[in-house]
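Trainee: protein.csv (CSV, C-alpha atoms (C1' of nucleotides)) pasted underneath:
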chain,number,residue,atom,x,y,z
A,134,MET,CA,148.3,109.3,125.2
A,135,ASP,CA,152.0,109.1,125.9
A,136,HIS,CA,152.3,105.7,124.3
A,137,LYS,CA,151.7,107.5,121.0
A,138,ASP,CA,155.0,109.3,121.5
A,139,ALA,CA,156.6,105.9,122.0
A,140,ILE,CA,155.2,104.8,118.6
A,141,ALA,CA,156.5,108.0,117.0
A,142,ALA,CA,160.0,107.4,118.4
A,143,THR,CA,160.0,103.8,117.4
A,144,MET,CA,158.9,104.6,113.9
A,145,THR,CA,161.5,107.3,113.3
A,146,ALA,CA,164.1,105.1,114.8
A,147,LEU,CA,163.3,102.3,112.3
A,148,ALA,CA,162.9,104.7,109.4
A,149,ASP,CA,166.7,105.1,108.9
A,150,PRO,CA,168.3,102.4,106.7
A,151,THR,CA,171.6,102.4,108.7
A,152,ARG,CA,169.6,101.8,111.9
A,153,ARG,CA,167.7,98.9,110.3
A,154,ASP,CA,171.1,97.5,109.3
A,155,ILE,CA,172.3,97.7,112.9
A,156,ILE,CA,169.1,95.9,114.0
A,157,ASP,CA,169.9,93.2,111.5
A,158,ARG,CA,173.3,92.7,113.0
A,159,LEU,CA,171.7,92.2,116.4
A,160,ARG,CA,169.3,89.5,115.3
A,161,GLY,CA,171.8,86.8,116.2
A,162,GLY,CA,172.3,88.1,119.7
A,163,PRO,CA,173.9,91.0,121.7
A,164,LEU,CA,177.0,92.8,120.3
A,165,PRO,CA,179.4,95.5,121.6
A,166,VAL,CA,179.6,98.8,119.7
A,167,GLY,CA,183.0,98.1,118.1
A,168,ALA,CA,181.9,94.7,116.6
A,169,ILE,CA,178.9,96.4,115.0
A,170,ALA,CA,180.9,99.3,113.6
A,171,LYS,CA,183.6,97.1,112.2
A,172,THR,CA,181.1,95.5,109.7
A,173,MET,CA,179.5,98.8,108.7
A,174,PRO,CA,180.4,101.5,106.2
A,175,VAL,CA,180.0,104.3,108.7
A,176,SER,CA,182.3,105.4,111.6
A,177,ARG,CA,182.0,104.1,115.1
A,178,PRO,CA,180.6,107.4,116.5
A,179,ALA,CA,177.9,107.3,113.9
A,180,VAL,CA,177.0,103.8,115.1
A,181,SER,CA,177.0,105.1,118.7
A,182,GLN,CA,174.6,107.9,117.8
A,183,HIS,CA,172.3,105.4,116.1
A,184,LEU,CA,172.4,103.1,119.1
A,185,ARG,CA,171.3,106.0,121.2
A,186,VAL,CA,168.3,106.7,119.1
A,187,LEU,CA,167.3,103.0,119.0
A,188,SER,CA,167.7,102.7,122.8
A,189,ASP,CA,165.7,105.8,123.5
A,190,ALA,CA,162.9,104.4,121.3
A,191,GLY,CA,162.9,101.3,123.5
A,192,LEU,CA,164.1,99.0,120.7
A,193,LEU,CA,167.4,98.2,122.3
A,194,SER,CA,168.6,97.3,125.7
A,195,VAL,CA,172.1,98.1,127.0
A,196,THR,CA,174.2,95.8,129.3
A,197,PRO,CA,177.5,97.3,130.4
A,198,SER,CA,180.0,94.4,130.6
A,199,GLY,CA,183.3,95.6,132.0
A,200,ASN,CA,184.9,97.7,129.3
A,201,ARG,CA,182.3,97.2,126.7
A,202,ARG,CA,178.6,97.8,126.3
A,203,LEU,CA,176.4,95.0,124.9
A,204,TYR,CA,173.4,96.1,122.9
A,205,ALA,CA,170.5,93.7,122.3
A,206,ILE,CA,167.1,93.9,120.6
A,207,ALA,CA,164.4,94.6,123.2
A,208,PRO,CA,161.3,92.5,122.4
A,209,ASP,CA,159.0,94.9,124.2
A,210,GLY,CA,159.9,97.8,122.0
A,211,VAL,CA,159.2,95.7,118.9
A,212,ASP,CA,155.9,94.6,120.3
A,213,ALA,CA,154.6,98.2,120.7
A,214,LEU,CA,155.0,98.7,117.0
A,215,ARG,CA,153.4,95.4,116.3
A,216,GLN,CA,150.3,96.3,118.2
A,217,TYR,CA,150.0,99.6,116.4
A,218,LEU,CA,150.2,97.9,113.1
A,219,ASP,CA,147.7,95.2,114.2
A,220,GLY,CA,145.2,97.9,115.1
A,221,LEU,CA,145.8,99.6,111.7
A,222,TRP,CA,145.4,96.3,110.0
A,223,ASP,CA,142.0,95.6,111.7
A,224,ASP,CA,140.7,99.1,110.9
A,225,ALA,CA,141.8,98.8,107.3
A,226,LEU,CA,140.1,95.4,106.8
A,227,ALA,CA,136.9,96.7,108.5
A,228,ALA,CA,136.8,99.8,106.3
A,229,PHE,CA,137.5,97.6,103.3
A,230,ALA,CA,134.6,95.3,104.1
A,231,ARG,CA,132.2,98.2,104.8
A,232,ALA,CA,133.1,99.8,101.5
A,233,ALA,CA,132.5,96.6,99.6
A,234,GLN,CA,129.1,96.1,101.3
A,235,GLU,CA,128.0,99.6,100.5
A,236,GLN,CA,128.9,99.3,96.9
A,237,ALA,CA,127.0,96.1,96.7
A,238,LYS,CA,123.9,97.9,98.0
A,239,GLY,CA,124.3,100.5,95.3
A,240,LYS,CA,124.8,103.6,97.4
A,241,GLN,CA,128.2,105.2,96.7
A,242,ASP,CA,128.7,108.5,98.4
A,243,GLU,CA,127.1,110.9,100.9
B,126,MET,CA,165.7,91.7,97.6
B,127,ASP,CA,163.5,94.4,96.3
B,128,HIS,CA,160.9,93.8,99.0
B,129,LYS,CA,163.4,95.4,101.3
B,130,ASP,CA,163.0,98.6,99.4
B,131,ALA,CA,159.3,98.3,99.9
B,132,ILE,CA,159.9,98.0,103.7
B,133,ALA,CA,162.1,101.0,103.6
B,134,ALA,CA,159.5,103.1,101.7
B,135,THR,CA,156.8,102.0,104.1
B,136,MET,CA,158.9,102.8,107.1
B,137,THR,CA,159.9,106.3,106.0
B,138,ALA,CA,156.3,106.9,105.0
B,139,LEU,CA,155.0,106.1,108.5
B,140,ALA,CA,157.8,107.9,110.2
B,141,ASP,CA,156.3,111.3,109.7
B,142,PRO,CA,153.7,112.3,112.3
B,143,THR,CA,151.6,114.2,109.8
B,144,ARG,CA,151.3,111.2,107.6
B,145,ARG,CA,150.3,109.0,110.6
B,146,ASP,CA,147.6,111.6,111.3
B,147,ILE,CA,146.4,111.2,107.7
B,148,ILE,CA,146.3,107.4,108.2
B,149,ASP,CA,144.2,107.9,111.3
B,150,ARG,CA,141.6,109.9,109.4
B,151,LEU,CA,141.3,107.1,106.9
B,152,ARG,CA,140.7,104.4,109.5
B,153,GLY,CA,137.0,105.0,109.3
B,154,GLY,CA,137.0,104.6,105.5
B,155,PRO,CA,138.0,106.3,102.2
B,156,LEU,CA,138.1,110.1,102.1
B,157,PRO,CA,138.8,112.8,99.4
B,158,VAL,CA,141.8,115.1,99.7
B,159,GLY,CA,139.8,118.2,100.7
B,160,ALA,CA,138.0,116.4,103.5
B,161,ILE,CA,141.3,115.3,105.0
B,162,ALA,CA,143.0,118.7,104.6
B,163,LYS,CA,140.1,120.6,106.2
B,164,THR,CA,140.6,118.8,109.5
B,165,MET,CA,144.4,119.3,109.5
B,166,PRO,CA,146.8,122.1,110.5
B,167,VAL,CA,148.7,122.0,107.2
B,168,SER,CA,147.7,123.2,103.7
B,169,ARG,CA,146.0,121.1,101.1
B,170,PRO,CA,149.1,120.8,98.8
B,171,ALA,CA,151.0,119.5,101.8
B,172,VAL,CA,148.4,116.8,102.3
B,173,SER,CA,148.6,116.0,98.6
B,174,GLN,CA,152.3,115.5,98.8
B,175,HIS,CA,151.9,113.2,101.9
B,176,LEU,CA,149.3,111.2,100.1
B,177,ARG,CA,151.7,110.7,97.3
B,178,VAL,CA,154.4,109.3,99.6
B,179,LEU,CA,151.9,107.0,101.3
B,180,SER,CA,150.6,105.8,97.9
B,181,ASP,CA,154.0,105.1,96.6
B,182,ALA,CA,154.8,103.1,99.7
B,183,GLY,CA,151.8,101.0,99.0
B,184,LEU,CA,150.0,102.1,102.1
B,185,LEU,CA,147.1,103.8,100.3
B,186,SER,CA,145.0,103.1,97.3
B,187,VAL,CA,143.5,105.8,95.1
B,188,THR,CA,140.0,105.7,93.5
B,189,PRO,CA,139.1,108.6,91.2
B,190,SER,CA,135.5,109.3,91.6
B,191,GLY,CA,134.4,112.0,89.2
B,192,ASN,CA,135.8,115.3,90.4
B,193,ARG,CA,137.4,113.9,93.5
B,194,ARG,CA,140.0,111.3,94.4
B,195,LEU,CA,139.2,108.9,97.2
B,196,TYR,CA,142.1,107.6,99.3
B,197,ALA,CA,141.9,104.5,101.4
B,198,ILE,CA,144.2,102.4,103.5
B,199,ALA,CA,145.6,99.4,101.5
B,200,PRO,CA,145.7,96.3,103.8
B,201,ASP,CA,148.5,94.8,101.7
B,202,GLY,CA,150.9,97.6,102.4
B,203,VAL,CA,150.3,97.4,106.1
B,204,ASP,CA,150.8,93.6,106.0
B,205,ALA,CA,154.2,93.9,104.5
B,206,LEU,CA,155.4,95.9,107.5
B,207,ARG,CA,153.6,93.4,109.9
B,208,GLN,CA,155.6,90.6,108.4
B,209,TYR,CA,158.9,92.5,108.8
B,210,LEU,CA,158.1,93.1,112.5
B,211,ASP,CA,157.0,89.6,113.1
B,212,GLY,CA,160.3,88.3,111.8
B,213,LEU,CA,162.1,90.8,114.0
B,214,TRP,CA,160.0,89.8,116.9
B,215,ASP,CA,160.9,86.1,116.4
B,216,ASP,CA,164.6,86.7,116.1
B,217,ALA,CA,164.6,89.0,119.2
B,218,LEU,CA,162.9,86.3,121.3
B,219,ALA,CA,165.2,83.6,120.0
B,220,ALA,CA,168.3,85.7,120.8
B,221,PHE,CA,166.8,86.5,124.2
B,222,ALA,CA,166.2,82.8,125.1
B,223,ARG,CA,169.7,81.8,123.8
B,224,ALA,CA,171.3,84.6,126.0
B,225,ALA,CA,169.4,83.4,129.0
B,226,GLN,CA,170.4,79.8,128.5
B,227,GLU,CA,174.1,80.7,128.0
B,228,GLN,CA,174.1,82.8,131.1
B,229,ALA,CA,172.5,79.9,133.0
B,230,LYS,CA,175.4,77.7,131.9
B,231,GLY,CA,177.9,80.2,133.3
B,232,LYS,CA,179.8,80.9,130.1
B,233,GLN,CA,179.6,84.6,129.2
B,234,ASP,CA,181.9,85.5,126.2
B,235,GLU,CA,184.3,84.1,123.9
C,63,DA,C1',130.3,128.9,77.6
C,64,DC,C1',131.6,130.6,81.9
C,65,DT,C1',132.4,130.0,86.6
C,66,DT,C1',133.3,127.3,90.6
C,67,DA,C1',135.1,123.3,93.0
C,68,DC,C1',138.7,119.9,93.5
C,69,DC,C1',143.4,118.4,93.2
C,70,DG,C1',148.1,117.6,91.6
C,71,DT,C1',152.8,119.8,90.6
C,72,DA,C1',156.7,123.4,90.6
C,73,DA,C1',159.8,126.4,92.9
C,74,DG,C1',161.8,128.1,96.9
C,75,DT,C1',162.6,128.4,102.0
C,76,DC,C1',163.8,126.7,106.6
C,77,DA,C1',164.6,123.1,109.9
C,78,DT,C1',166.1,118.5,110.9
C,79,DC,C1',169.2,114.7,110.5
C,80,DG,C1',173.1,111.8,109.5
C,81,DC,C1',178.0,111.8,109.1
C,82,DT,C1',182.8,113.2,110.1
C,83,DT,C1',186.7,114.6,112.9
C,84,DA,C1',188.1,115.9,117.3
C,85,DC,C1',188.1,115.1,122.3
C,86,DC,C1',187.4,113.0,127.0
C,87,DA,C1',186.2,109.4,130.4
C,88,DT,C1',186.6,104.7,132.0
C,89,DT,C1',188.5,100.1,132.0
C,90,DT,C1',191.9,96.5,130.9
C,91,DG,C1',196.7,94.9,130.3
C,92,DT,C1',201.8,95.2,131.2
D,62,DA,C1',201.9,104.0,137.0
D,63,DC,C1',201.7,104.0,132.1
D,64,DA,C1',199.8,102.5,127.8
D,65,DA,C1',196.2,100.6,124.9
D,66,DA,C1',191.4,99.7,124.2
D,67,DT,C1',186.5,100.8,124.3
D,68,DG,C1',182.9,104.0,123.6
D,69,DG,C1',180.1,108.2,124.5
D,70,DT,C1',179.8,113.4,123.4
D,71,DA,C1',180.6,118.1,121.0
D,72,DA,C1',180.9,120.9,117.0
D,73,DG,C1',180.4,121.7,112.3
D,74,DC,C1',178.9,120.5,107.6
D,75,DG,C1',176.1,118.8,103.8
D,76,DA,C1',171.9,116.7,102.3
D,77,DT,C1',167.3,115.4,102.8
D,78,DG,C1',162.6,116.6,103.7
D,79,DA,C1',158.3,119.1,105.1
D,80,DC,C1',156.0,123.3,104.3
D,81,DT,C1',154.4,127.5,101.9
D,82,DT,C1',152.5,130.2,97.8
D,83,DA,C1',151.6,130.1,92.9
D,84,DC,C1',150.0,127.8,89.0
D,85,DG,C1',147.7,124.5,85.6
D,86,DG,C1',144.3,121.2,84.5
D,87,DT,C1',139.9,118.6,84.7
D,88,DA,C1',135.1,117.8,86.3
D,89,DA,C1',130.6,119.7,87.9
D,90,DG,C1',127.1,123.5,88.4
D,91,DT,C1',124.4,127.5,86.3
Please express what this file holds, its structure, as structure tokens.
Mentor:
Amino acid sequence: MDHKDAIAATMTALADPTRRDIIDRLRGGPLPVGAIAKTMPVSRPAVSQHLRVLSDAGLLSVTPSGNRRLYAIAPDGVDALRQYLDGLWDDALAAFARAAQEQAKGKQDE
Amino acid sequence: MDHKDAIAATMTALADPTRRDIIDRLRGGPLPVGAIAKTMPVSRPAVSQHLRVLSDAGLLSVTPSGNRRLYAIAPDGVDALRQYLDGLWDDALAAFARAAQEQAKGKQDE
DNA sequence: ACTTACCGTAAGTCATCGCTTACCATTTGT
DNA sequence: ACAAATGGTAAGCGATGACTTACGGTAAGT
């Protein structure tokens, strides 16, 4: 499945604290690169590289506006991760319930 | 906020593909270390180290059972990430709607 | 008691990643 | 046309991390 690669890219993109910081700055709406970098402890090229990773993961959308480039959070990319976690959540609860039921019956292992 | 550190740990834990593989093996229910390592391309100590990271992140629970140690997915740890993504999702949609409305009005930047 | 199975930890190696300083392209302002 | 602003890319460096082999420690089998 190639949507598994998408999950992988999205996960590694969000794994970095600096990139999560960038995401937080964009929660209020789209911003150009310079505005993001100005409020961050790293250099502008570093921010540019992070924006690249986030865009490739599908978490951000880019809108060139004249001289600048506006970055915004892409809801679709976030939703992909949400679905992955929802599936994980369902399986975890099911396994949990099954284990509890088996223990109640008194049979513990193979 | 210290629950931000929890998010960070959970993210970095799930960022590694091998660790996501381990998580997938545990979807059907708890398993001992050896059973996990036997179906994986890496050594058993490597699996042990990954299990450590996942446990520290709150994604796994450990249940010593005699000689072996049973690892299982912890629903609470998964839920923490779900909440983070839900918040991100909400903000993304709100920013999206606001941008669309502003564009409809014809005013684009400051 | 001895041996076997199961598992965590230590030390060391190699690749990956995030950051910086340069540099270049494109667009806006005068 | 020239100068300033905006931002993506290249090269190089230092740190983090994932993996291996080797070892120690506890529980189960004979």
Trainee: Please report as a list of chain:residue names which residues of chain D come no farther than 9 Å from chain A, using all atoms listed in the file.
Mentor: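 The answer, sorted by residue number, is D:DA66, D:DT67, D:DG68, D:DG69.
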Trainee: Taking all atoms listed in the file into account, find every residue of chain C that has an atom no more than 8 Å from chain A, and write it out as a list in words.
Mentor: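 Using all atoms listed in the file, chain C residues at most 8 Å from chain A: DG80, DC81, DT82, DT88, DT89 and DT90 of chain C.
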Trainee: Residues of chain A no more than 7 Å from chain B, counting all atoms listed in the file: send them over as a PDB file with C-alpha atoms, in the frame of the given file.
Mentor:
ATOM      1  CA  ALA A 141     156.500 108.000 117.000  1.00  0.00           C
ATOM      2  CA  MET A 144     158.900 104.600 113.900  1.00  0.00           C
ATOM      3  CA  THR A 145     161.500 107.300 113.300  1.00  0.00           C
ATOM      4  CA  LEU A 147     163.300 102.300 112.300  1.00  0.00           C
ATOM      5  CA  ALA A 148     162.900 104.700 109.400  1.00  0.00           C
ATOM      6  CA  ARG A 160     169.300  89.500 115.300  1.00  0.00           C
ATOM      7  CA  GLY A 161     171.800  86.800 116.200  1.00  0.00           C
ATOM      8  CA  GLY A 162     172.300  88.100 119.700  1.00  0.00           C
ATOM      9  CA  ILE A 206     167.100  93.900 120.600  1.00  0.00           C
ATOM     10  CA  ALA A 207     164.400  94.600 123.200  1.00  0.00           C
ATOM     11  CA  PRO A 208     161.300  92.500 122.400  1.00  0.00           C
ATOM     12  CA  VAL A 211     159.200  95.700 118.900  1.00  0.00           C
ATOM     13  CA  ARG A 215     153.400  95.400 116.300  1.00  0.00           C
ATOM     14  CA  LEU A 218     150.200  97.900 113.100  1.00  0.00           C
ATOM     15  CA  TRP A 222     145.400  96.300 110.000  1.00  0.00           C
ATOM     16  CA  ASP A 224     140.700  99.100 110.900  1.00  0.00           C
ATOM     17  CA  ALA A 225     141.800  98.800 107.300  1.00  0.00           C
ATOM     18  CA  LEU A 226     140.100  95.400 106.800  1.00  0.00           C
ATOM     19  CA  ALA A 228     136.800  99.800 106.300  1.00  0.00           C
TER      20      ALA A 228
END
Trainee: Rounded to one decimal in Å, what is the spacing between C1' of DC80 in chain D and CA of Lys129 in chain B?
Mentor: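 Going from C1' of DC80 in chain D over to CA of Lys129 in chain B covers 29.0 Å.
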Trainee: Please report the interatomic distance between C1' of DT81 in chain D and CA of Ile161 in chain B in Å with one decimal.
Mentor: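 Distance reported for this atom pair: 18.2 Å.
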Trainee: Just want the 12 Å neighbourhood of DA83 in chain D, counted on all atoms listed in the file, with same-chain residues fewer than 5 positions away dropped. Output as a PyMOL selection string.
Mentor: (chain B and resi 170) or (chain C and resi 71-74)
